[in-house]
>>> print(open('work-v9.txt').read())   # compact mmCIF, C-alpha atoms
# COMPACT_ATOMS: atom_id res chain seq x y z
CA MET A 1463 -19.47 -25.76 -26.65
CA ARG A 1464 -21.56 -22.72 -25.72
CA GLY A 1465 -22.12 -23.79 -22.11
CA PRO A 1466 -20.90 -22.26 -18.84
CA ALA A 1467 -17.40 -23.68 -19.28
CA HIS A 1468 -16.99 -21.87 -22.62
CA GLN A 1469 -18.26 -18.60 -21.13
CA SER A 1470 -15.91 -18.98 -18.18
CA LEU A 1471 -12.95 -19.54 -20.50
CA THR A 1472 -13.95 -16.57 -22.65
CA VAL A 1473 -14.29 -14.31 -19.59
CA ARG A 1474 -10.92 -15.47 -18.28
CA LEU A 1475 -9.24 -14.80 -21.61
CA LYS A 1476 -10.80 -11.33 -21.76
CA ARG A 1477 -9.65 -10.60 -18.20
CA VAL A 1478 -6.11 -11.75 -18.98
CA GLY A 1479 -6.13 -9.69 -22.17
CA LEU A 1480 -7.25 -6.58 -20.29
CA ILE A 1481 -4.56 -7.07 -17.65
CA VAL A 1482 -1.90 -7.53 -20.34
CA LEU A 1483 -3.12 -4.35 -22.05
CA MET A 1484 -2.94 -2.51 -18.71
CA GLY A 1485 0.68 -3.62 -18.38
CA VAL A 1486 1.52 -2.50 -21.92
CA VAL A 1487 -0.15 0.89 -21.41
CA THR A 1488 1.66 1.36 -18.08
CA LEU A 1489 5.00 0.53 -19.68
CA ASN A 1490 4.30 3.00 -22.48
CA ILE A 1491 3.54 5.79 -20.02
CA TRP A 1492 7.17 5.55 -18.87
CA THR A 1493 8.89 4.56 -22.11
CA GLY A 1494 6.67 5.20 -25.13
CA ALA A 1495 5.66 8.75 -24.21
CA PRO A 1496 9.26 9.98 -23.73
CA LEU A 1497 10.45 8.23 -26.90
CA LEU A 1498 7.59 9.70 -28.92
CA GLY A 1499 8.30 13.11 -27.39
CA LEU A 1500 11.96 12.90 -28.40
CA TRP A 1501 11.06 11.82 -31.91
CA VAL A 1502 8.55 14.65 -32.37
CA GLY A 1503 11.05 17.10 -30.86
CA SER A 1504 13.72 15.91 -33.29
CA LEU A 1505 11.40 16.78 -36.20
CA VAL A 1506 11.19 20.44 -35.14
CA ALA A 1507 14.78 20.81 -33.94
CA PRO A 1508 17.16 22.71 -36.22
CA SER A 1509 19.95 20.79 -37.89
CA SER A 1510 22.53 22.77 -35.90
CA GLY A 1511 21.37 21.35 -32.54
CA ILE A 1512 18.62 21.87 -30.01
CA SER A 1513 16.29 24.82 -29.63
CA MET A 1514 13.83 25.99 -26.99
CA LEU A 1515 11.01 25.22 -29.42
CA ALA A 1516 12.17 21.60 -29.64
CA VAL A 1517 12.41 21.34 -25.84
CA GLY A 1518 8.90 22.77 -25.49
CA VAL A 1519 7.51 20.39 -28.10
CA ILE A 1520 9.15 17.47 -26.31
CA ALA A 1521 7.66 18.48 -22.95
CA VAL A 1522 4.17 19.07 -24.35
CA THR A 1523 4.22 15.81 -26.31
CA ILE A 1524 5.34 13.75 -23.32
CA GLY A 1525 2.70 15.37 -21.11
CA ALA A 1526 -0.12 14.93 -23.61
CA VAL A 1527 0.74 11.32 -24.46
CA ALA A 1528 1.18 10.35 -20.80
CA PHE A 1529 -2.14 12.01 -19.91
CA ALA A 1530 -3.90 10.15 -22.73
CA LEU A 1531 -2.35 6.84 -21.69
CA VAL A 1532 -3.48 7.34 -18.09
CA GLY A 1533 -7.00 7.85 -19.45
CA VAL A 1534 -6.71 4.65 -21.49
CA LEU A 1535 -5.51 2.85 -18.35
CA GLY A 1536 -8.60 4.08 -16.51
CA MET A 1537 -10.88 2.87 -19.31
CA LEU A 1538 -9.20 -0.56 -19.27
CA GLN A 1539 -9.66 -0.74 -15.50
CA ALA A 1540 -13.35 0.16 -15.88
CA ALA A 1541 -13.77 -2.52 -18.55
CA HIS A 1542 -12.10 -5.07 -16.27
CA ASP A 1543 -14.39 -4.04 -13.41
CA ARG A 1544 -17.48 -4.45 -15.62
CA LEU A 1545 -16.26 -7.86 -16.78
CA THR A 1546 -15.67 -9.11 -13.24
CA GLY A 1547 -18.80 -7.51 -11.79
CA HIS A 1548 -16.89 -5.14 -9.49
CA GLU A 1549 -18.22 -1.88 -10.85
CA ARG A 1550 -17.89 0.96 -8.39
CA THR A 1551 -20.76 3.25 -7.61
CA ILE A 1552 -18.53 5.41 -5.43
CA ARG A 1553 -15.60 7.19 -6.97
CA ARG A 1554 -12.34 5.69 -5.76
CA HIS A 1555 -9.69 8.08 -4.47
CA THR A 1556 -6.09 7.10 -4.85
CA PRO A 1557 -4.10 7.07 -1.60
CA TRP A 1558 -2.00 10.13 -2.42
CA LEU A 1559 -5.13 12.22 -3.03
CA ARG A 1560 -6.83 11.34 0.24
CA SER A 1561 -6.81 13.66 3.19
CA MET A 1562 -5.00 12.60 6.32
CA SER A 1563 -8.37 12.30 8.07
CA GLY A 1564 -9.01 9.29 5.85
CA ASP A 1565 -6.51 7.36 7.94
CA ARG A 1566 -8.49 8.11 11.08
CA ARG A 1567 -11.67 6.55 9.68
CA ARG A 1568 -9.88 3.28 9.05
CA LYS A 1569 -8.91 3.05 12.71
CA LEU A 1570 -12.57 3.49 13.64
CA GLY A 1571 -13.65 0.40 11.74
CA GLY A 1572 -13.52 1.44 8.09
CA GLU A 1573 -11.73 -0.85 5.72
CA ALA A 1574 -9.20 -0.13 3.02
CA PRO A 1575 -10.49 -0.54 -0.54
CA PRO A 1576 -9.28 -3.73 -2.22
CA LEU A 1577 -6.49 -3.52 -4.75
CA THR A 1578 -7.65 -3.71 -8.35
CA ALA A 1579 -6.17 -5.54 -11.32
CA GLY A 1580 -4.91 -2.18 -12.57
CA ASP A 1581 -3.10 -1.61 -9.28
CA TYR A 1582 -1.37 -4.97 -9.63
CA ALA A 1583 -0.49 -4.31 -13.28
CA VAL A 1584 1.04 -0.90 -12.54
CA VAL A 1585 3.03 -2.17 -9.55
CA SER A 1586 4.25 -5.21 -11.50
CA VAL A 1587 5.50 -3.08 -14.39
CA VAL A 1588 7.31 -0.72 -12.02
CA VAL A 1589 8.96 -3.61 -10.14
CA LEU A 1590 10.05 -5.22 -13.42
CA ALA A 1591 11.42 -1.90 -14.69
CA VAL A 1592 13.44 -1.33 -11.50
CA ALA A 1593 14.76 -4.91 -11.64
CA ALA A 1594 15.75 -4.50 -15.31
CA PHE A 1595 17.53 -1.22 -14.52
CA GLU A 1596 19.43 -2.79 -11.64
CA ILE A 1597 20.52 -5.75 -13.77
CA TRP A 1598 21.71 -3.38 -16.49
CA PHE A 1599 23.42 -1.01 -14.06
CA PHE A 1600 25.27 -3.61 -12.02
CA PHE A 1601 26.05 -6.27 -14.63
CA LEU A 1602 25.85 -4.87 -18.16
CA ALA A 1603 26.70 -1.16 -18.15
CA GLY A 1604 30.39 -1.45 -17.41
CA SER A 1605 32.47 1.22 -15.77
CA PRO A 1606 33.09 4.68 -17.23
CA LEU A 1607 36.61 4.40 -15.82
CA ASP A 1608 37.35 1.49 -18.13
CA ALA A 1609 36.31 3.53 -21.18
CA ARG A 1610 38.68 6.40 -20.29
CA SER A 1611 41.68 4.16 -19.75
CA GLY A 1612 41.21 2.41 -23.07
CA ARG A 1613 40.45 -0.98 -21.50
CA GLY A 1614 36.66 -0.84 -22.21
>>> encode(input="work-v9.txt", output="structure tokens")
Amino acid sequence: MRGPAHQSLTVRLKRVGLIVLMGVVTLNIWTGAPLLGLWVGSLVAPSSGISMLAVGVIAVTIGAVAFALVGVLGMLQAAHDRLTGHERTIRRHTPWLRSMSGDRRRKLGGEAPPLTAGDYAVVSVVVLAVAAFEIWFFFLAGSPLDARSGRG
């Protein structure tokens, strides 16, 4: 069972695992980092309430954890590229970091870079998060007016 079929299955499972990890890391950039920041901030906050030190610790923690997770996401994308044989020799620039003259080259015959598995993972997590928020907001949250009138 060590033939090409086994290698193909192993490579597929590794690719799926990397994509799942990219999704988990992306989700944690938006949820795990803020939750960890709040927890760390709560450890330094005084018992009487909030302090500027706690707010600063929260901000620094969220920034540091999010930055680290973006680095992990980049490493996972690089591992996926190596596994699929799509390693880049040219550094890829994200669309929001390109100059406007980059659009002009495309009209002259250049082509847009293909979307990567990481791009799909990030977009999928964002779409799922927006859909979950809309479901909660419109169907599960209830109305604040009902809570004030005693009917909620």
>>> residues_around(input="work-v9.txt", residues="A:Gln1539", least_positions_apart="5", cutoff="12 Å", atoms="only C-alpha atoms", output="JSON, numbers by chain")
{"A": [1477, 1479, 1480, 1481, 1482, 1483, 1484, 1485, 1487, 1488, 1532, 1533, 1534, 1544, 1545, 1546, 1547, 1548, 1549, 1550, 1554, 1577, 1578, 1579, 1580, 1581, 1582, 1583, 1584]}
>>> residues_around(input="work-v9.txt", residues="stretch 1524-1526 of chain A", least_positions_apart="3", cutoff="12 Å", atoms="only C-alpha atoms", output="PDB file with C-alpha atoms, in the coordinates of the input")
ATOM      1  CA  ASN A1490       4.300   3.000 -22.480  1.00  0.00           C
ATOM      2  CA  ILE A1491       3.540   5.790 -20.020  1.00  0.00           C
ATOM      3  CA  TRP A1492       7.170   5.550 -18.870  1.00  0.00           C
ATOM      4  CA  THR A1493       8.890   4.560 -22.110  1.00  0.00           C
ATOM      5  CA  GLY A1494       6.670   5.200 -25.130  1.00  0.00           C
ATOM      6  CA  ALA A1495       5.660   8.750 -24.210  1.00  0.00           C
ATOM      7  CA  PRO A1496       9.260   9.980 -23.730  1.00  0.00           C
ATOM      8  CA  LEU A1497      10.450   8.230 -26.900  1.00  0.00           C
ATOM      9  CA  LEU A1498       7.590   9.700 -28.920  1.00  0.00           C
ATOM     10  CA  GLY A1499       8.300  13.110 -27.390  1.00  0.00           C
ATOM     11  CA  LEU A1500      11.960  12.900 -28.400  1.00  0.00           C
ATOM     12  CA  TRP A1501      11.060  11.820 -31.910  1.00  0.00           C
ATOM     13  CA  VAL A1502       8.550  14.650 -32.370  1.00  0.00           C
ATOM     14  CA  GLY A1503      11.050  17.100 -30.860  1.00  0.00           C
ATOM     15  CA  VAL A1517      12.410  21.340 -25.840  1.00  0.00           C
ATOM     16  CA  GLY A1518       8.900  22.770 -25.490  1.00  0.00           C
ATOM     17  CA  VAL A1519       7.510  20.390 -28.100  1.00  0.00           C
ATOM     18  CA  ILE A1520       9.150  17.470 -26.310  1.00  0.00           C
ATOM     19  CA  ALA A1521       7.660  18.480 -22.950  1.00  0.00           C
ATOM     20  CA  PHE A1529      -2.140  12.010 -19.910  1.00  0.00           C
ATOM     21  CA  ALA A1530      -3.900  10.150 -22.730  1.00  0.00           C
ATOM     22  CA  LEU A1531      -2.350   6.840 -21.690  1.00  0.00           C
ATOM     23  CA  VAL A1532      -3.480   7.340 -18.090  1.00  0.00           C
ATOM     24  CA  GLY A1533      -7.000   7.850 -19.450  1.00  0.00           C
TER      25      GLY A1533
END
>>> atom_distance(input="work-v9.txt", atom1="atom CA of A:Asp1543", atom2="atom CA of A:Val1478")
12.6 Å
>>> atom_distance(input="work-v9.txt", atom1="atom CA of A:Ala1528", atom2="atom CA of A:Val1587")
15.5 Å
>>> atom_distance(input="work-v9.txt", atom1="atom CA of A:Leu1590", atom2="atom CA of A:Lys1476")
23.3 Å
>>> closest_residue(input="work-v9.txt", among="A:Ala1591, A:Ala1603, A:Ala1541, A:Ile1597", to="A:Val1473", atoms="all atoms listed in the file")
A:Ala1541
>>> closest_residue(input="work-v9.txt", among="A:Met1514, A:Leu1475, A:Val1589, A:Ala1507", to="A:Leu1489", atoms="all atoms listed in the file")
A:Val1589
>>> decode(input="work-v9.txt", residues="stretch 1484-1523 of chain A", atoms="C-alpha atoms", output="PDB file, in the first residue's frame")
ATOM      1  CA  MET A1484      -5.606  27.929   8.074  1.00  0.00           C
ATOM      2  CA  GLY A1485      -9.306  28.280   8.829  1.00  0.00           C
ATOM      3  CA  VAL A1486      -8.771  27.733  12.562  1.00  0.00           C
ATOM      4  CA  VAL A1487      -5.914  30.253  12.669  1.00  0.00           C
ATOM      5  CA  THR A1488      -7.987  32.801  10.733  1.00  0.00           C
ATOM      6  CA  LEU A1489     -10.912  32.362  13.108  1.00  0.00           C
ATOM      7  CA  ASN A1490      -8.598  32.808  16.090  1.00  0.00           C
ATOM      8  CA  ILE A1491      -7.214  36.058  14.698  1.00  0.00           C
ATOM      9  CA  TRP A1492     -10.712  37.528  15.070  1.00  0.00           C
ATOM     10  CA  THR A1493     -11.956  35.661  18.140  1.00  0.00           C
ATOM     11  CA  GLY A1494      -9.089  34.050  20.050  1.00  0.00           C
ATOM     12  CA  ALA A1495      -6.820  37.095  20.136  1.00  0.00           C
ATOM     13  CA  PRO A1496      -9.492  39.430  21.589  1.00  0.00           C
ATOM     14  CA  LEU A1497     -10.622  36.818  24.117  1.00  0.00           C
ATOM     15  CA  LEU A1498      -7.046  36.172  25.222  1.00  0.00           C
ATOM     16  CA  GLY A1499      -6.460  39.925  25.425  1.00  0.00           C
ATOM     17  CA  LEU A1500      -9.516  40.375  27.651  1.00  0.00           C
ATOM     18  CA  TRP A1501      -8.463  37.511  29.881  1.00  0.00           C
ATOM     19  CA  VAL A1502      -4.913  38.840  30.291  1.00  0.00           C
ATOM     20  CA  GLY A1503      -6.308  42.344  30.870  1.00  0.00           C
ATOM     21  CA  SER A1504      -8.628  41.000  33.559  1.00  0.00           C
ATOM     22  CA  LEU A1505      -5.609  39.594  35.415  1.00  0.00           C
ATOM     23  CA  VAL A1506      -4.003  43.037  35.738  1.00  0.00           C
ATOM     24  CA  ALA A1507      -7.215  45.016  36.277  1.00  0.00           C
ATOM     25  CA  PRO A1508      -7.927  46.190  39.820  1.00  0.00           C
ATOM     26  CA  SER A1509     -10.856  44.651  41.648  1.00  0.00           C
ATOM     27  CA  SER A1510     -12.629  48.028  41.687  1.00  0.00           C
ATOM     28  CA  GLY A1511     -12.982  48.141  37.877  1.00  0.00           C
ATOM     29  CA  ILE A1512     -10.917  48.961  34.836  1.00  0.00           C
ATOM     30  CA  SER A1513      -7.647  50.863  34.643  1.00  0.00           C
ATOM     31  CA  MET A1514      -5.559  52.350  31.855  1.00  0.00           C
ATOM     32  CA  LEU A1515      -2.939  49.684  32.529  1.00  0.00           C
ATOM     33  CA  ALA A1516      -5.520  46.963  31.875  1.00  0.00           C
ATOM     34  CA  VAL A1517      -6.668  48.668  28.668  1.00  0.00           C
ATOM     35  CA  GLY A1518      -3.059  48.943  27.496  1.00  0.00           C
ATOM     36  CA  VAL A1519      -2.357  45.304  28.310  1.00  0.00           C
ATOM     37  CA  ILE A1520      -5.475  44.276  26.400  1.00  0.00           C
ATOM     38  CA  ALA A1521      -4.454  46.291  23.323  1.00  0.00           C
ATOM     39  CA  VAL A1522      -0.862  45.031  23.339  1.00  0.00           C
ATOM     40  CA  THR A1523      -1.941  41.422  23.864  1.00  0.00           C
TER      41      THR A1523
END
